[in-house]
>>> print(open('run-v1.cif').read())   # mmCIF, C-alpha atoms
data_final
loop_
_atom_site.group_PDB
_atom_site.id
_atom_site.type_symbol
_atom_site.label_atom_id
_atom_site.label_comp_id
_atom_site.auth_asym_id
_atom_site.auth_seq_id
_atom_site.Cartn_x
_atom_site.Cartn_y
_atom_site.Cartn_z
ATOM 1 C CA MET A 1 0.000 0.000 0.000
ATOM 2 C CA ALA A 2 4.914 4.981 -1.600
ATOM 3 C CA LEU A 3 6.467 7.237 -4.002
ATOM 4 C CA ALA A 4 5.609 10.902 -4.562
ATOM 5 C CA LEU A 5 2.711 11.052 -6.998
ATOM 6 C CA ALA A 6 2.162 13.654 -9.687
ATOM 7 C CA LEU A 7 -1.144 13.762 -11.480
ATOM 8 C CA ALA A 8 0.394 15.260 -14.601
ATOM 9 C CA ALA A 9 2.799 12.347 -15.015
ATOM 10 C CA PRO A 10 2.077 9.129 -16.952
ATOM 11 C CA ALA A 11 0.877 5.987 -15.207
ATOM 12 C CA LEU A 12 2.998 5.260 -12.151
ATOM 13 C CA ALA A 13 4.556 1.989 -11.035
ATOM 14 C CA ALA A 14 1.837 -0.134 -12.588
ATOM 15 C CA CYS A 15 1.954 -3.857 -12.176
ATOM 16 C CA HIS A 16 -1.388 -4.214 -13.931
ATOM 17 C CA LYS A 17 -2.915 -1.568 -16.169
ATOM 18 C CA GLY A 18 -6.118 0.001 -14.841
ATOM 19 C CA ASP A 19 -9.072 0.651 -17.099
ATOM 20 C CA SER A 20 -9.623 4.069 -18.608
ATOM 21 C CA ALA A 21 -13.034 4.964 -17.170
ATOM 22 C CA LYS A 22 -13.206 8.626 -16.217
ATOM 23 C CA PRO A 23 -14.673 9.284 -12.735
ATOM 24 C CA ARG A 24 -16.858 12.300 -12.085
ATOM 25 C CA PRO A 25 -14.822 15.335 -10.977
ATOM 26 C CA PRO A 26 -15.390 16.560 -7.426
ATOM 27 C CA ALA A 27 -17.592 19.463 -6.501
ATOM 28 C CA ARG A 28 -15.918 22.854 -6.197
ATOM 29 C CA SER A 29 -15.861 22.580 -2.416
ATOM 30 C CA THR A 30 -13.745 19.592 -1.357
ATOM 31 C CA SER A 31 -12.738 18.108 1.978
ATOM 32 C CA THR A 32 -9.350 16.658 2.858
ATOM 33 C CA THR A 33 -10.121 15.735 6.443
ATOM 34 C CA ALA A 34 -13.138 13.413 6.429
ATOM 35 C CA VAL A 35 -12.222 9.838 5.501
ATOM 36 C CA PRO A 36 -14.934 8.271 3.325
ATOM 37 C CA GLN A 37 -16.175 4.838 4.245
ATOM 38 C CA VAL A 38 -14.514 2.224 2.045
ATOM 39 C CA THR A 39 -16.277 -0.944 3.095
ATOM 40 C CA VAL A 40 -14.446 -4.172 2.407
ATOM 41 C CA THR A 41 -16.900 -6.989 1.715
ATOM 42 C CA ALA A 42 -16.358 -10.742 1.589
ATOM 43 C CA ALA A 43 -17.447 -11.778 -1.908
ATOM 44 C CA SER A 44 -16.835 -15.439 -1.041
ATOM 45 C CA VAL A 45 -15.911 -17.418 2.063
ATOM 46 C CA ALA A 46 -14.470 -20.945 2.068
ATOM 47 C CA VAL A 47 -12.548 -23.297 4.346
ATOM 48 C CA GLU A 48 -9.871 -25.910 3.971
ATOM 49 C CA SER A 49 -10.347 -28.154 6.970
ATOM 50 C CA MET A 50 -8.707 -31.173 8.548
ATOM 51 C CA LYS A 51 -11.975 -31.829 10.373
ATOM 52 C CA ALA A 52 -14.851 -33.234 8.362
ATOM 53 C CA ASP A 53 -17.471 -31.496 10.514
ATOM 54 C CA VAL A 54 -16.148 -27.970 9.812
ATOM 55 C CA ALA A 55 -17.857 -26.806 6.636
ATOM 56 C CA LYS A 56 -17.753 -23.022 7.011
ATOM 57 C CA LEU A 57 -15.633 -20.259 8.422
ATOM 58 C CA PRO A 58 -16.953 -19.170 11.835
ATOM 59 C CA ASP A 59 -18.764 -15.847 11.707
ATOM 60 C CA ASP A 60 -16.539 -14.249 14.343
ATOM 61 C CA VAL A 61 -13.425 -15.163 12.350
ATOM 62 C CA ARG A 62 -14.913 -13.784 9.137
ATOM 63 C CA ASP A 63 -15.968 -10.558 10.863
ATOM 64 C CA GLY A 64 -12.582 -10.124 12.563
ATOM 65 C CA VAL A 65 -10.675 -10.588 9.316
ATOM 66 C CA VAL A 66 -12.939 -8.157 7.441
ATOM 67 C CA ALA A 67 -12.538 -5.597 10.257
ATOM 68 C CA THR A 68 -8.745 -5.753 9.919
ATOM 69 C CA LEU A 69 -8.941 -5.382 6.135
ATOM 70 C CA ASN A 70 -11.217 -2.365 6.577
ATOM 71 C CA ALA A 71 -8.677 -0.845 8.978
ATOM 72 C CA TRP A 72 -5.903 -1.414 6.443
ATOM 73 C CA VAL A 73 -7.795 0.330 3.630
ATOM 74 C CA GLY A 74 -9.009 3.167 5.861
ATOM 75 C CA THR A 75 -5.825 3.962 7.760
ATOM 76 C CA GLY A 76 -3.198 2.693 5.337
ATOM 77 C CA VAL A 77 -4.616 3.881 2.015
ATOM 78 C CA VAL A 78 -7.435 6.428 2.220
ATOM 79 C CA ALA A 79 -6.361 8.530 5.216
ATOM 80 C CA PRO A 80 -2.816 9.200 3.932
ATOM 81 C CA LEU A 81 -4.171 10.293 0.549
ATOM 82 C CA LEU A 82 -6.445 12.835 2.220
ATOM 83 C CA THR A 83 -4.173 14.096 4.981
ATOM 84 C CA GLY A 84 -0.756 13.941 3.333
ATOM 85 C CA GLN A 85 0.535 12.283 6.508
ATOM 86 C CA PRO A 86 2.063 8.795 6.830
ATOM 87 C CA PRO A 87 -0.357 6.091 7.958
ATOM 88 C CA VAL A 88 -0.705 5.552 11.698
ATOM 89 C CA GLY A 89 -1.993 2.713 13.866
ATOM 90 C CA LEU A 90 -0.471 0.010 11.682
ATOM 91 C CA ASP A 91 0.290 -2.216 14.674
ATOM 92 C CA ALA A 92 -3.448 -2.937 14.784
ATOM 93 C CA VAL A 93 -3.307 -4.169 11.179
ATOM 94 C CA PHE A 94 0.042 -5.968 10.719
ATOM 95 C CA THR A 95 2.091 -8.418 12.753
ATOM 96 C CA PRO A 96 5.448 -7.127 14.055
ATOM 97 C CA ALA A 97 7.242 -9.249 11.436
ATOM 98 C CA ALA A 98 5.204 -7.708 8.622
ATOM 99 C CA LEU A 99 5.660 -4.182 9.985
ATOM 100 C CA ALA A 100 9.428 -4.656 9.998
ATOM 101 C CA ARG A 101 9.285 -5.073 6.200
ATOM 102 C CA LEU A 102 7.152 -1.967 5.620
ATOM 103 C CA VAL A 103 9.906 0.585 6.089
ATOM 104 C CA PRO A 104 9.576 3.915 4.209
ATOM 105 C CA GLY A 105 10.846 3.679 0.648
ATOM 106 C CA SER A 106 10.641 -0.103 0.475
ATOM 107 C CA PRO A 107 8.801 -1.945 -2.341
ATOM 108 C CA ASP A 108 6.744 -3.762 0.297
ATOM 109 C CA ARG A 109 5.477 -0.479 1.727
ATOM 110 C CA ALA A 110 4.615 0.886 -1.710
ATOM 111 C CA SER A 111 2.616 -2.245 -2.504
ATOM 112 C CA LEU A 112 0.440 -1.997 0.612
ATOM 113 C CA LEU A 113 0.393 1.609 1.822
ATOM 114 C CA GLU A 114 0.146 5.222 0.686
ATOM 115 C CA ASP A 115 2.390 7.883 2.182
ATOM 116 C CA THR A 116 1.567 11.012 0.193
ATOM 117 C CA ARG A 117 -1.278 12.646 -1.677
ATOM 118 C CA PRO A 118 -1.017 14.171 -5.135
ATOM 119 C CA GLY A 119 -2.968 17.345 -4.297
ATOM 120 C CA GLU A 120 -6.226 18.781 -3.012
ATOM 121 C CA GLY A 121 -9.195 16.577 -3.847
ATOM 122 C CA VAL A 122 -11.360 13.698 -2.728
ATOM 123 C CA VAL A 123 -11.115 9.914 -2.601
ATOM 124 C CA GLN A 124 -13.819 7.927 -4.344
ATOM 125 C CA PRO A 125 -14.188 4.260 -3.340
ATOM 126 C CA GLU A 126 -14.292 2.017 -6.400
ATOM 127 C CA LYS A 127 -13.898 -1.675 -5.523
ATOM 128 C CA ALA A 128 -13.324 -3.433 -2.197
ATOM 129 C CA ALA A 129 -14.082 -7.118 -2.699
ATOM 130 C CA VAL A 130 -12.172 -9.939 -1.023
ATOM 131 C CA SER A 131 -12.405 -13.723 -1.131
ATOM 132 C CA LEU A 132 -11.610 -15.465 2.140
ATOM 133 C CA THR A 133 -10.252 -18.973 2.665
ATOM 134 C CA GLY A 134 -9.675 -20.201 6.211
ATOM 135 C CA LEU A 135 -7.345 -23.042 7.191
ATOM 136 C CA VAL A 136 -8.859 -25.120 9.991
ATOM 137 C CA GLY A 137 -6.664 -27.450 12.046
ATOM 138 C CA GLU A 138 -7.391 -30.830 13.607
ATOM 139 C CA LYS A 139 -8.717 -29.202 16.777
ATOM 140 C CA GLY A 140 -11.143 -27.018 14.857
ATOM 141 C CA ASP A 141 -9.158 -23.814 15.305
ATOM 142 C CA VAL A 142 -8.596 -21.448 12.386
ATOM 143 C CA GLY A 143 -4.846 -21.026 12.076
ATOM 144 C CA LEU A 144 -4.835 -18.519 9.224
ATOM 145 C CA VAL A 145 -7.055 -16.874 6.636
ATOM 146 C CA THR A 146 -6.024 -15.988 3.108
ATOM 147 C CA ALA A 147 -7.764 -12.979 1.603
ATOM 148 C CA GLY A 148 -7.747 -12.541 -2.161
ATOM 149 C CA LEU A 149 -7.858 -8.817 -2.958
ATOM 150 C CA ASP A 150 -9.535 -6.694 -5.614
ATOM 151 C CA VAL A 151 -9.413 -3.238 -4.049
ATOM 152 C CA SER A 152 -9.200 0.155 -5.749
ATOM 153 C CA VAL A 153 -9.870 3.807 -5.018
ATOM 154 C CA VAL A 154 -9.691 6.907 -7.201
ATOM 155 C CA PHE A 155 -8.179 10.171 -5.996
ATOM 156 C CA VAL A 156 -9.903 12.979 -7.889
ATOM 157 C CA SER A 157 -8.007 16.252 -7.895
ATOM 158 C CA ALA A 158 -9.828 19.521 -7.474
ATOM 159 C CA ALA A 159 -7.992 20.588 -10.643
ATOM 160 C CA GLY A 160 -9.670 17.814 -12.618
ATOM 161 C CA GLY A 161 -7.003 15.094 -12.917
ATOM 162 C CA SER A 162 -7.481 11.690 -11.313
ATOM 163 C CA LEU A 163 -5.323 8.877 -9.983
ATOM 164 C CA ARG A 164 -6.580 5.303 -9.719
ATOM 165 C CA ILE A 165 -4.809 3.096 -7.161
ATOM 166 C CA ALA A 166 -5.674 -0.584 -7.585
ATOM 167 C CA ARG A 167 -4.407 -3.507 -5.553
ATOM 168 C CA THR A 168 -4.775 -7.177 -6.453
ATOM 169 C CA GLY A 169 -3.239 -10.314 -4.996
ATOM 170 C CA GLU A 170 -3.577 -11.813 -1.557
ATOM 171 C CA VAL A 171 -2.694 -11.273 2.075
ATOM 172 C CA VAL A 172 -2.489 -13.883 4.824
ATOM 173 C CA LEU A 173 -3.900 -13.022 8.253
ATOM 174 C CA VAL A 174 -3.175 -14.780 11.536
ATOM 175 C CA PRO A 175 -4.886 -14.529 14.927
ATOM 176 C CA MET A 176 -3.176 -12.435 17.583
ATOM 177 C CA PRO A 177 -4.299 -10.984 20.919
ATOM 178 C CA GLY A 178 -6.676 -8.182 20.030
ATOM 179 C CA GLY A 179 -7.669 -9.459 16.600
ATOM 180 C CA TRP A 180 -6.460 -10.666 13.231
ATOM 181 C CA ARG A 181 -3.282 -9.254 11.694
ATOM 182 C CA ILE A 182 -1.785 -9.307 8.193
ATOM 183 C CA ASP A 183 1.375 -11.412 8.379
ATOM 184 C CA SER A 184 2.397 -12.009 4.762
ATOM 185 C CA TYR A 185 1.320 -10.767 1.365
ATOM 186 C CA ASP A 186 1.732 -10.997 -2.388
ATOM 187 C CA VAL A 187 0.142 -7.804 -3.694
ATOM 188 C CA GLY A 188 0.505 -5.973 -6.993
ATOM 189 C CA THR A 189 -0.268 -2.253 -7.011
ATOM 190 C CA ALA A 190 -1.092 -0.123 -10.052
ATOM 191 C CA ARG A 191 -1.164 3.651 -9.880
ATOM 192 C CA ASP A 192 -2.602 5.058 -13.085
ATOM 193 C CA THR A 193 -3.236 8.701 -13.888
ATOM 194 C CA LEU A 194 -6.513 9.411 -15.636
ATOM 195 C CA PRO A 195 -7.027 12.484 -17.801
ATOM 196 C CA PRO A 196 -9.590 15.081 -16.773
ATOM 197 C CA PRO A 197 -12.964 14.843 -18.505
ATOM 198 C CA PRO A 198 -13.171 16.862 -21.716
ATOM 199 C CA ALA A 199 -14.383 20.412 -21.374
ATOM 200 C CA THR A 200 -17.946 20.981 -22.513
ATOM 201 C CA THR A 201 -19.251 24.098 -24.194
ATOM 202 C CA THR A 202 -22.801 25.281 -24.630
ATOM 203 C CA THR A 203 -24.160 27.472 -27.359
ATOM 204 C CA GLY A 204 -27.481 29.257 -27.363
ATOM 205 C CA LYS A 205 -29.785 29.597 -30.327
ATOM 206 C CA LYS A 206 -29.234 32.741 -32.318
ATOM 207 C CA LYS A 207 -32.259 35.023 -32.223
ATOM 208 C CA LYS A 208 -33.764 35.971 -35.572
#
>>> encode(input="run-v1.cif", output="structure tokens")
Amino acid sequence: MALALALAAPALAACHKGDSAKPRPPARSTSTTAVPQVTVTAASVAVESMKADVAKLPDDVRDGVVATLNAWVGTGVVAPLLTGQPPVGLDAVFTPAALARLVPGSPDRASLLEDTRPGEGVVQPEKAAVSLTGLVGEKGDVGLVTAGLDVSVVFVSAAGGSLRIARTGEVVLVPMPGGWRIDSYDVGTARDTLPPPPATTTTGKKKK
């Protein structure tokens, strides 16, 4: 989830090319303090179990994993884009081992986090779907959950340019005291600039 971003530049650090849809430009009055709700949803939930009687992921495990993924998107992606400040509270999202790899300037950090914003504007949620697969042990405990990601947001500049940030791949979460934490990951991040919508002109009918 990074490098300094410039909306006037070509597509940045893209692992996969984003599509070219043009989002609606923001209203004249924009906010850079309120973080919009980007709700991660579980598009599918499955289990791989060593116990024949475990056919589904427990609801509390599913909810805990989704809550951590929501915290990652909210605090690690959206908030930094709006505030221009590095993400905070990451110890509630990542294990200590994962955090040690997310040092500023590292490829790992750029793949999972945002550190800067390209300018004044708003963040528009686009996609936030995940597919969960839990690994259940012989005692019926869930040792880890893999989350397949398809998550993207669009930063729309007040000047009219836009930046789509899309993340695909997977993260692996493990249980820790206080909740689930992201421990490992294989995530590709694409940052693509989108041109502003074409200017429109209106002409009135000439009076006779």
>>> residues_around(input="run-v1.cif", residues="region 110-116 of chain A", least_positions_apart="6", cutoff="10 Å", atoms="all atoms listed in the file", output="ChimeraX atom specification")
/A:1-5,13,15,72-73,75-87,102-104,165-168,171,185-190
>>> closest_residue(input="run-v1.cif", among="A:Leu163, A:Ile182, A:Leu144, A:Val151", to="Pro125 (chain A)", atoms="all atoms listed in the file")
A:Val151
>>> closest_residue(input="run-v1.cif", among="A:Gly74, A:Pro195, A:Gly178, A:Gly140", to="Val54 (chain A)", atoms="all atoms listed in the file")
A:Gly140
>>> residues_around(input="run-v1.cif", residues="Ala43 (chain A)", least_positions_apart="6", cutoff="10 Å", atoms="only C-alpha atoms", output="count of residues only")
6
>>> closest_residue(input="run-v1.cif", among="A:Pro177, A:Gly169, A:Gly161, A:Gly89", to="Thr193 (chain A)", atoms="all atoms listed in the file")
A:Gly161
>>> resolve_selection(input="run-v1.cif", expression="the PyMOL selection byres ((chain A and resi 155-160) around 6)", output="mmCIF file with C-alpha atoms, keeping the file's coordinate frame")
data_model
loop_
_atom_site.group_PDB
_atom_site.id
_atom_site.type_symbol
_atom_site.label_atom_id
_atom_site.label_comp_id
_atom_site.auth_asym_id
_atom_site.auth_seq_id
_atom_site.Cartn_x
_atom_site.Cartn_y
_atom_site.Cartn_z
ATOM 1 C CA PRO A 25 -14.822 15.335 -10.977
ATOM 2 C CA GLU A 120 -6.226 18.781 -3.012
ATOM 3 C CA GLY A 121 -9.195 16.577 -3.847
ATOM 4 C CA VAL A 122 -11.360 13.698 -2.728
ATOM 5 C CA VAL A 123 -11.115 9.914 -2.601
ATOM 6 C CA VAL A 154 -9.691 6.907 -7.201
ATOM 7 C CA GLY A 161 -7.003 15.094 -12.917
ATOM 8 C CA SER A 162 -7.481 11.690 -11.313
ATOM 9 C CA LEU A 163 -5.323 8.877 -9.983
ATOM 10 C CA PRO A 196 -9.590 15.081 -16.773
#
>>> closest_residue(input="run-v1.cif", among="A:Asp91, A:Asp141, A:Asp183, A:Asp63", to="Thr41 (chain A)", atoms="all atoms listed in the file")
A:Asp63
>>> closest_residue(input="run-v1.cif", among="A:Ala55, A:Val61, A:Val38, A:Val145", to="Gln124 (chain A)", atoms="all atoms listed in the file")
A:Val38
>>> closest_residue(input="run-v1.cif", among="A:Val88, A:Val172, A:Asp108, A:Leu194", to="Thr133 (chain A)", atoms="only C-alpha atoms")
A:Val172
>>> atom_distance(input="run-v1.cif", atom1="CA of Glu138 (chain A)", atom2="CA of Val93 (chain A)")
27.1 Å
>>> atom_distance(input="run-v1.cif", atom1="CA of Arg101 (chain A)", atom2="CA of Trp180 (chain A)")
18.1 Å
>>> atom_distance(input="run-v1.cif", atom1="CA of Leu99 (chain A)", atom2="CA of Ala67 (chain A)")
18.3 Å
>>> resolve_selection(input="run-v1.cif", expression="the PyMOL selection byres ((chain A and resi 139) around 12)", output="VMD selection string")
chain A and resid 49 to 54 135 to 138 140 to 143
>>> decode(input="run-v1.cif", residues="region 119-191 of chain A", atoms="C-alpha atoms", output="tab-separated table (two decimals), in the first residue's frame")
chain	number	residue	atom	x	y	z
A	119	GLY	CA	-2.97	17.35	-4.30
A	120	GLU	CA	-6.23	18.78	-3.01
A	121	GLY	CA	-9.19	16.58	-3.85
A	122	VAL	CA	-11.36	13.70	-2.73
A	123	VAL	CA	-11.12	9.91	-2.60
A	124	GLN	CA	-13.82	7.93	-4.34
A	125	PRO	CA	-14.19	4.26	-3.34
A	126	GLU	CA	-14.29	2.02	-6.40
A	127	LYS	CA	-13.90	-1.67	-5.52
A	128	ALA	CA	-13.32	-3.43	-2.20
A	129	ALA	CA	-14.08	-7.12	-2.70
A	130	VAL	CA	-12.17	-9.94	-1.02
A	131	SER	CA	-12.40	-13.72	-1.13
A	132	LEU	CA	-11.61	-15.47	2.14
A	133	THR	CA	-10.25	-18.97	2.67
A	134	GLY	CA	-9.67	-20.20	6.21
A	135	LEU	CA	-7.35	-23.04	7.19
A	136	VAL	CA	-8.86	-25.12	9.99
A	137	GLY	CA	-6.66	-27.45	12.05
A	138	GLU	CA	-7.39	-30.83	13.61
A	139	LYS	CA	-8.72	-29.20	16.78
A	140	GLY	CA	-11.14	-27.02	14.86
A	141	ASP	CA	-9.16	-23.81	15.31
A	142	VAL	CA	-8.60	-21.45	12.39
A	143	GLY	CA	-4.85	-21.03	12.08
A	144	LEU	CA	-4.84	-18.52	9.22
A	145	VAL	CA	-7.05	-16.87	6.64
A	146	THR	CA	-6.02	-15.99	3.11
A	147	ALA	CA	-7.76	-12.98	1.60
A	148	GLY	CA	-7.75	-12.54	-2.16
A	149	LEU	CA	-7.86	-8.82	-2.96
A	150	ASP	CA	-9.53	-6.69	-5.61
A	151	VAL	CA	-9.41	-3.24	-4.05
A	152	SER	CA	-9.20	0.15	-5.75
A	153	VAL	CA	-9.87	3.81	-5.02
A	154	VAL	CA	-9.69	6.91	-7.20
A	155	PHE	CA	-8.18	10.17	-6.00
A	156	VAL	CA	-9.90	12.98	-7.89
A	157	SER	CA	-8.01	16.25	-7.89
A	158	ALA	CA	-9.83	19.52	-7.47
A	159	ALA	CA	-7.99	20.59	-10.64
A	160	GLY	CA	-9.67	17.81	-12.62
A	161	GLY	CA	-7.00	15.09	-12.92
A	162	SER	CA	-7.48	11.69	-11.31
A	163	LEU	CA	-5.32	8.88	-9.98
A	164	ARG	CA	-6.58	5.30	-9.72
A	165	ILE	CA	-4.81	3.10	-7.16
A	166	ALA	CA	-5.67	-0.58	-7.58
A	167	ARG	CA	-4.41	-3.51	-5.55
A	168	THR	CA	-4.77	-7.18	-6.45
A	169	GLY	CA	-3.24	-10.31	-5.00
A	170	GLU	CA	-3.58	-11.81	-1.56
A	171	VAL	CA	-2.69	-11.27	2.08
A	172	VAL	CA	-2.49	-13.88	4.82
A	173	LEU	CA	-3.90	-13.02	8.25
A	174	VAL	CA	-3.17	-14.78	11.54
A	175	PRO	CA	-4.89	-14.53	14.93
A	176	MET	CA	-3.18	-12.43	17.58
A	177	PRO	CA	-4.30	-10.98	20.92
A	178	GLY	CA	-6.68	-8.18	20.03
A	179	GLY	CA	-7.67	-9.46	16.60
A	180	TRP	CA	-6.46	-10.67	13.23
A	181	ARG	CA	-3.28	-9.25	11.69
A	182	ILE	CA	-1.78	-9.31	8.19
A	183	ASP	CA	1.38	-11.41	8.38
A	184	SER	CA	2.40	-12.01	4.76
A	185	TYR	CA	1.32	-10.77	1.36
A	186	ASP	CA	1.73	-11.00	-2.39
A	187	VAL	CA	0.14	-7.80	-3.69
A	188	GLY	CA	0.50	-5.97	-6.99
A	189	THR	CA	-0.27	-2.25	-7.01
A	190	ALA	CA	-1.09	-0.12	-10.05
A	191	ARG	CA	-1.16	3.65	-9.88
